[in-house]
Amino acid sequence: MVHVMSEHDQFLSLARNFLLSYVNNLNAKDLESGESLAKRALGLGASPREIKLLYLDVAQGLHDKSRSRGDKHYAAGLDFVRKTDYVKSAKSGLREIVEEDLPPFVSIEQPDIDFSAVIGLEKVKREIRRVVVDPFKNPEKWKKYFSSDEAKEGVILTGPPGCGKTLLMRAAAGEGCATFIYLKGEEVPQGKEAESVEYVFNLAKKYSPSIVFIDECQAVLNPRRTRFVTAMQKELDGFGKIQEHILVVGNTNKPWDIDTTLRRSGRLGTMVFVQPPGLEERVEIFKQKLSQKPISADINYNLLGEKTDSHSASDIADICKQASKVPYDQSRNIFMSDLEQAISGRKSSVVEWFSIAKAQIEKSDDRKEVFSDLLAEVTRYLSARSNKPEVADG
C-alpha cells in the first residue's frame, strides 16, 4: 500500500531538508527563508512541538558540522534558532486562534506577508522596523540602545486615509513573527470599555509576541470615552516585562482627537506619519493592480502616475476597478482611455485631509506644539502642491 503524505507532512519534510541542506552556508537570506517556512508550518497547523523538533534537528546538525563555537556557520545557525524562538515557543498554531470565540469588534491572525507586500514607504518602513519589528526580532540589539521605559512606548500611525497604514502594520507583524490583533475602535460597545480592553490584552498576552492594532483609535481614545481611556492607561502603565512582547499601535486619521494623557512618553508617545504615495510608488501601484487584468499595449504607467498626483493607494485601486467595468461588459482589453476616464471621475481622498489637518492643528497653541512635526509635513505637502502645475487631461 502506497502511503500518501499529507500537505502538512510534506511541508515538514520539505522544511527539514531545506534547512539541513544549508547547514554549511547559511546567510541572511537563508535565515529569512527559514523564518518564512516556520510561519508556513504554523499556517498548515504544525504544533509547537513539531516546530521545536524541526529546529532542534537543525541546531544539532549545525553543532555536529561545526568544529568550534567561533565557526561562522555555527554562529549563523545559533542566530537562526534565536530568531525563530518566538515562532516555536510563543505561538500555539492557527487552529487554536481560529477556535477563539471572538467578539465582533476583534479579529486575530498571524500574517503571512512582510514589508515586500507594501509598495514604497521606505522611510516609514525603517521607522516601523525600529520601533515595532526590532523589539520582537532583535531584542538584544534593541536593548543596547533603548531603555526599558522606551520599550513600553506605543505608536500612533496617522496620515490621510487609504495610504496603507493597516497593510503596513500587518506586514510589520509578519516581519516580526508576531500575532496581529485587530480592534475596531468604532465598534467597541459603550459601557463595556474596561472589559473590552482587558479581553484584548489577555489575548495579546496569550498569543505574544503580538501587536494590538486599534483602528479608528480616536473613536475610543478620545476624552469622551473616559472608561476606555482609563483602562488603556492602566494597561500601558502596568505592563512591566510583558511589554517586551506586546506592542500597542493606534491608527487614526484624526490624531488631534486623541486624549492628551495617552500621547505622553511611555504610553502612545511615538507618532509615525504615513504619507501618500509618490510618483514612482503610484506607478508601481498601477502596475500591481493591473498585472492580472487584460490590458492593451497603449497603457502609459508614468502618465497614469502623473495624473494621480494627489491620490492614495486606495484611490488608485478604485480607479483600476472602475476602469475594468466597461471592458468587462464589452469583453475587451482595458485601454488607456478607460483608465483616464476613471481618473477624471475619481476625486482625491487626500487633499481634503491635508487641509482639515492643517486647520485642526492650528486651532490652538497646544496642538501646534504637540503636532509640530505633523504640521510641518502637512504644510510642506500643501505648499508643494499649490506650486505644481496641473497635468492636462489630453
# chains A, B, ... in the order shown; residues from 1 in each chain; ligands from 1
>>> closest_atom_pairs(of="segment 89-200 of chain A", to="segment 241-262 of chain A", cutoff="9 Å", atoms="only C-alpha atoms", output="tab-separated table")
residue	atom	partner	partner_atom	distance
A:Val132	CA	A:Leu247	CA	7.1
A:Pro135	CA	A:Glu244	CA	6.9
A:Phe136	CA	A:His245	CA	6.5
A:Pro139	CA	A:Glu244	CA	8.4
A:Ser148	CA	A:Glu244	CA	8.5
A:Ala151	CA	A:Glu244	CA	6.5
A:Lys152	CA	A:Gln243	CA	5.8
A:Glu153	CA	A:Leu247	CA	7.9
A:Gly154	CA	A:Val248	CA	4.9
A:Val155	CA	A:Val249	CA	4.7
A:Ile156	CA	A:Gly250	CA	4.6
A:Leu157	CA	A:Asn251	CA	4.8
A:Thr158	CA	A:Thr252	CA	5.2
A:Gly159	CA	A:Asn253	CA	5.6
A:Pro160	CA	A:Asn253	CA	5.9
A:Pro161	CA	A:Asn253	CA	6.4
A:Lys165	CA	A:Asn251	CA	7.2
A:Thr166	CA	A:Asn251	CA	7.7
A:Met169	CA	A:Val249	CA	8.5
A:Ala178	CA	A:His245	CA	8.7
>>> residues_around(residues="segment 301-311 of chain A", least_positions_apart="2", cutoff="6 Å", atoms="only C-alpha atoms", output="PyMOL selection string")
chain A and resi 279+282-283+315+348+391
>>> write_last_selection(atoms="N, CA and C atoms", output="PDB file, in the first residue's frame")
ATOM      1  N   LEU A 279       5.340  59.654  -6.950  1.00  0.00           N
ATOM      2  CA  LEU A 279       5.153  59.294  -8.362  1.00  0.00           C
ATOM      3  C   LEU A 279       5.567  57.853  -8.634  1.00  0.00           C
ATOM      4  N   ARG A 282       3.171  55.430  -7.090  1.00  0.00           N
ATOM      5  CA  ARG A 282       1.890  55.355  -7.798  1.00  0.00           C
ATOM      6  C   ARG A 282       2.011  54.519  -9.070  1.00  0.00           C
ATOM      7  N   VAL A 283       3.126  54.693  -9.781  1.00  0.00           N
ATOM      8  CA  VAL A 283       3.369  53.882 -10.983  1.00  0.00           C
ATOM      9  C   VAL A 283       3.372  52.398 -10.629  1.00  0.00           C
ATOM     10  N   ASP A 315      -7.326  55.010  -3.652  1.00  0.00           N
ATOM     11  CA  ASP A 315      -7.894  55.736  -4.800  1.00  0.00           C
ATOM     12  C   ASP A 315      -7.507  55.046  -6.106  1.00  0.00           C
ATOM     13  N   SER A 348      -9.830  62.903  -5.383  1.00  0.00           N
ATOM     14  CA  SER A 348      -8.795  62.504  -4.426  1.00  0.00           C
ATOM     15  C   SER A 348      -9.344  62.503  -3.004  1.00  0.00           C
ATOM     16  N   VAL A 391      -1.682  68.451 -14.393  1.00  0.00           N
ATOM     17  CA  VAL A 391      -1.396  67.666 -15.599  1.00  0.00           C
ATOM     18  C   VAL A 391      -2.612  67.713 -16.519  1.00  0.00           C
TER      19      VAL A 391
END
>>> atom_distance(atom1="atom CA of Ile119 of chain A", atom2="atom CA of Ser291 of chain A")
14.3 Å
>>> atom_distance(atom1="atom CA of Val106 of chain A", atom2="atom CA of Thr179 of chain A")
12.9 Å
>>> closest_residue(among="A:Ser314, A:Lys143, A:Val326, A:Ser364", to="Arg346 of chain A", atoms="only C-alpha atoms")
A:Ser314
>>> residues_around(residues="Lys368 of chain A", least_positions_apart="6", cutoff="12 Å", atoms="only C-alpha atoms", output="PDB file with N, CA and C atoms, in the first residue's frame")
ATOM      1  N   TRP A 256      -5.527  64.582  16.432  1.00  0.00           N
ATOM      2  CA  TRP A 256      -5.822  65.693  17.335  1.00  0.00           C
ATOM      3  C   TRP A 256      -6.986  65.381  18.274  1.00  0.00           C
ATOM      4  N   ALA A 357      -6.416  68.741   8.360  1.00  0.00           N
ATOM      5  CA  ALA A 357      -5.364  68.542   9.364  1.00  0.00           C
ATOM      6  C   ALA A 357      -4.699  69.862   9.722  1.00  0.00           C
ATOM      7  N   LYS A 358      -4.391  70.660   8.731  1.00  0.00           N
ATOM      8  CA  LYS A 358      -3.745  71.954   8.984  1.00  0.00           C
ATOM      9  C   LYS A 358      -4.643  72.845   9.842  1.00  0.00           C
ATOM     10  N   ALA A 359      -5.924  72.898   9.491  1.00  0.00           N
ATOM     11  CA  ALA A 359      -6.864  73.736  10.251  1.00  0.00           C
ATOM     12  C   ALA A 359      -7.027  73.238  11.680  1.00  0.00           C
ATOM     13  N   GLN A 360      -7.099  71.940  11.870  1.00  0.00           N
ATOM     14  CA  GLN A 360      -7.289  71.375  13.208  1.00  0.00           C
ATOM     15  C   GLN A 360      -6.075  71.596  14.101  1.00  0.00           C
ATOM     16  N   ILE A 361      -4.886  71.401  13.541  1.00  0.00           N
ATOM     17  CA  ILE A 361      -3.667  71.565  14.340  1.00  0.00           C
ATOM     18  C   ILE A 361      -3.458  73.027  14.718  1.00  0.00           C
ATOM     19  N   GLU A 362      -3.828  73.943  13.820  1.00  0.00           N
ATOM     20  CA  GLU A 362      -3.613  75.369  14.062  1.00  0.00           C
ATOM     21  C   GLU A 362      -4.695  76.001  14.948  1.00  0.00           C
ATOM     22  N   LEU A 374       4.060  66.928  12.551  1.00  0.00           N
ATOM     23  CA  LEU A 374       2.994  66.625  11.604  1.00  0.00           C
ATOM     24  C   LEU A 374       2.577  67.878  10.850  1.00  0.00           C
ATOM     25  N   LEU A 375       2.503  69.013  11.537  1.00  0.00           N
ATOM     26  CA  LEU A 375       2.137  70.270  10.893  1.00  0.00           C
ATOM     27  C   LEU A 375       3.152  70.633   9.812  1.00  0.00           C
ATOM     28  N   ALA A 376       4.428  70.361  10.086  1.00  0.00           N
ATOM     29  CA  ALA A 376       5.472  70.637   9.093  1.00  0.00           C
ATOM     30  C   ALA A 376       5.273  69.783   7.845  1.00  0.00           C
TER      31      ALA A 376
END
>>> select_by_dssp(residues="segment 151-313 of chain A", states="strand (DSSP E or B)", output="list in words")
Val155, Ile156, Leu157, Thr158, Thr179, Phe180, Ile181, Tyr182, Leu183, Lys184, Ser210, Ile211, Val212, Phe213, Ile214, Asp215, Ile246, Leu247, Val248, Val249, Gly250, Asn251, Thr252, Thr270, Met271, Val272, Phe273 and Ile295 of chain A
>>> atom_distance(atom1="atom CA of Leu121 of chain A", atom2="atom CA of Ala313 of chain A")
11.5 Å
>>> select_by_dssp(residues="segment 172-304 of chain A", states="helix (DSSP H, G or I)", output="ChimeraX atom specification")
/A:172-175,185-187,193-206,217-219,226-237,240-245,255-257,260-262,279-290,301-304
>>> closest_residue(among="A:Gly120, A:Pro111, A:Gly162, A:Pro103", to="Gly278 of chain A", atoms="only C-alpha atoms")
A:Gly120
>>> residues_around(residues="segment 193-197 of chain A", least_positions_apart="6", cutoff="7 Å", atoms="only C-alpha atoms", output="CSV table (one decimal) with C-alpha atoms, in the first residue's frame")
chain,number,residue,atom,x,y,z
A,227,ARG,CA,-13.7,54.4,30.7
A,228,PHE,CA,-11.7,53.2,27.7
A,231,ALA,CA,-8.4,51.1,31.1
A,232,MET,CA,-5.8,51.8,28.4
>>> residues_around(residues="segment 328-337 of chain A", least_positions_apart="5", cutoff="9 Å", atoms="only C-alpha atoms", output="list in words")
Lys293, Pro294, Ile295, Ser296, Ala297, Asp298, Ile299, Asn300, Leu304, Ala323 and Ala342 of chain A
>>> decode(residues="segment 122-192 of chain A", atoms="C-alpha atoms", output="PDB file, in the first residue's frame")
ATOM      1  CA  GLU A 122      10.804  53.114   2.678  1.00  0.00           C
ATOM      2  CA  LYS A 123      11.337  55.860   5.278  1.00  0.00           C
ATOM      3  CA  VAL A 124       8.254  54.751   7.200  1.00  0.00           C
ATOM      4  CA  LYS A 125       9.302  51.096   6.959  1.00  0.00           C
ATOM      5  CA  ARG A 126      12.671  51.939   8.531  1.00  0.00           C
ATOM      6  CA  GLU A 127      10.967  53.706  11.407  1.00  0.00           C
ATOM      7  CA  ILE A 128       8.400  50.943  11.872  1.00  0.00           C
ATOM      8  CA  ARG A 129      11.168  48.357  11.758  1.00  0.00           C
ATOM      9  CA  ARG A 130      12.992  50.198  14.542  1.00  0.00           C
ATOM     10  CA  VAL A 131      10.019  50.827  16.851  1.00  0.00           C
ATOM     11  CA  VAL A 132       7.845  47.789  16.042  1.00  0.00           C
ATOM     12  CA  VAL A 133       9.764  44.890  14.455  1.00  0.00           C
ATOM     13  CA  ASP A 134      13.197  45.021  16.070  1.00  0.00           C
ATOM     14  CA  PRO A 135      11.965  44.882  19.705  1.00  0.00           C
ATOM     15  CA  PHE A 136      10.498  41.476  18.769  1.00  0.00           C
ATOM     16  CA  LYS A 137      13.039  40.230  16.267  1.00  0.00           C
ATOM     17  CA  ASN A 138      16.328  41.662  17.540  1.00  0.00           C
ATOM     18  CA  PRO A 139      15.680  42.276  21.258  1.00  0.00           C
ATOM     19  CA  GLU A 140      19.314  42.010  22.324  1.00  0.00           C
ATOM     20  CA  LYS A 141      20.478  44.718  19.917  1.00  0.00           C
ATOM     21  CA  TRP A 142      17.412  46.856  20.647  1.00  0.00           C
ATOM     22  CA  LYS A 143      18.031  46.836  24.410  1.00  0.00           C
ATOM     23  CA  LYS A 144      21.559  48.149  23.870  1.00  0.00           C
ATOM     24  CA  TYR A 145      20.162  51.412  22.508  1.00  0.00           C
ATOM     25  CA  PHE A 146      16.793  51.869  24.240  1.00  0.00           C
ATOM     26  CA  SER A 147      15.804  51.829  27.909  1.00  0.00           C
ATOM     27  CA  SER A 148      13.034  49.748  29.477  1.00  0.00           C
ATOM     28  CA  ASP A 149      10.853  52.871  29.709  1.00  0.00           C
ATOM     29  CA  GLU A 150      11.261  53.429  25.974  1.00  0.00           C
ATOM     30  CA  ALA A 151      10.343  49.781  25.416  1.00  0.00           C
ATOM     31  CA  LYS A 152       6.915  50.464  26.903  1.00  0.00           C
ATOM     32  CA  GLU A 153       6.055  53.157  24.394  1.00  0.00           C
ATOM     33  CA  GLY A 154       3.282  52.504  21.917  1.00  0.00           C
ATOM     34  CA  VAL A 155       2.846  54.015  18.467  1.00  0.00           C
ATOM     35  CA  ILE A 156       0.265  56.207  16.750  1.00  0.00           C
ATOM     36  CA  LEU A 157       0.072  55.847  12.962  1.00  0.00           C
ATOM     37  CA  THR A 158      -1.505  58.801  11.230  1.00  0.00           C
ATOM     38  CA  GLY A 159      -1.944  60.300   7.789  1.00  0.00           C
ATOM     39  CA  PRO A 160      -4.619  60.569   5.095  1.00  0.00           C
ATOM     40  CA  PRO A 161      -6.999  57.636   4.554  1.00  0.00           C
ATOM     41  CA  GLY A 162      -6.226  54.888   2.068  1.00  0.00           C
ATOM     42  CA  CYS A 163      -2.413  55.134   2.213  1.00  0.00           C
ATOM     43  CA  GLY A 164      -1.756  51.636   3.573  1.00  0.00           C
ATOM     44  CA  LYS A 165      -1.472  52.069   7.342  1.00  0.00           C
ATOM     45  CA  THR A 166      -3.292  48.830   8.164  1.00  0.00           C
ATOM     46  CA  LEU A 167      -1.409  46.850   5.493  1.00  0.00           C
ATOM     47  CA  LEU A 168       1.842  48.314   6.816  1.00  0.00           C
ATOM     48  CA  MET A 169       1.175  47.023  10.341  1.00  0.00           C
ATOM     49  CA  ARG A 170       0.046  43.591   9.132  1.00  0.00           C
ATOM     50  CA  ALA A 171       3.348  43.413   7.245  1.00  0.00           C
ATOM     51  CA  ALA A 172       5.205  44.544  10.377  1.00  0.00           C
ATOM     52  CA  ALA A 173       3.594  41.702  12.322  1.00  0.00           C
ATOM     53  CA  GLY A 174       4.681  39.298   9.591  1.00  0.00           C
ATOM     54  CA  GLU A 175       8.231  40.677   9.685  1.00  0.00           C
ATOM     55  CA  GLY A 176       8.389  40.293  13.457  1.00  0.00           C
ATOM     56  CA  CYS A 177       6.670  36.873  13.570  1.00  0.00           C
ATOM     57  CA  ALA A 178       4.035  38.500  15.786  1.00  0.00           C
ATOM     58  CA  THR A 179       0.310  37.896  16.173  1.00  0.00           C
ATOM     59  CA  PHE A 180      -1.807  40.707  14.735  1.00  0.00           C
ATOM     60  CA  ILE A 181      -4.772  41.582  16.964  1.00  0.00           C
ATOM     61  CA  TYR A 182      -7.149  43.969  15.213  1.00  0.00           C
ATOM     62  CA  LEU A 183      -9.531  46.046  17.312  1.00  0.00           C
ATOM     63  CA  LYS A 184     -12.117  48.195  15.510  1.00  0.00           C
ATOM     64  CA  GLY A 185     -12.364  51.268  17.725  1.00  0.00           C
ATOM     65  CA  GLU A 186     -15.716  52.448  16.369  1.00  0.00           C
ATOM     66  CA  GLU A 187     -17.361  49.107  17.249  1.00  0.00           C
ATOM     67  CA  VAL A 188     -16.306  48.813  20.909  1.00  0.00           C
ATOM     68  CA  PRO A 189     -19.618  48.782  22.828  1.00  0.00           C
ATOM     69  CA  GLN A 190     -20.497  51.681  25.120  1.00  0.00           C
ATOM     70  CA  GLY A 191     -20.463  50.760  28.784  1.00  0.00           C
ATOM     71  CA  LYS A 192     -18.131  47.763  28.313  1.00  0.00           C
TER      72      LYS A 192
END
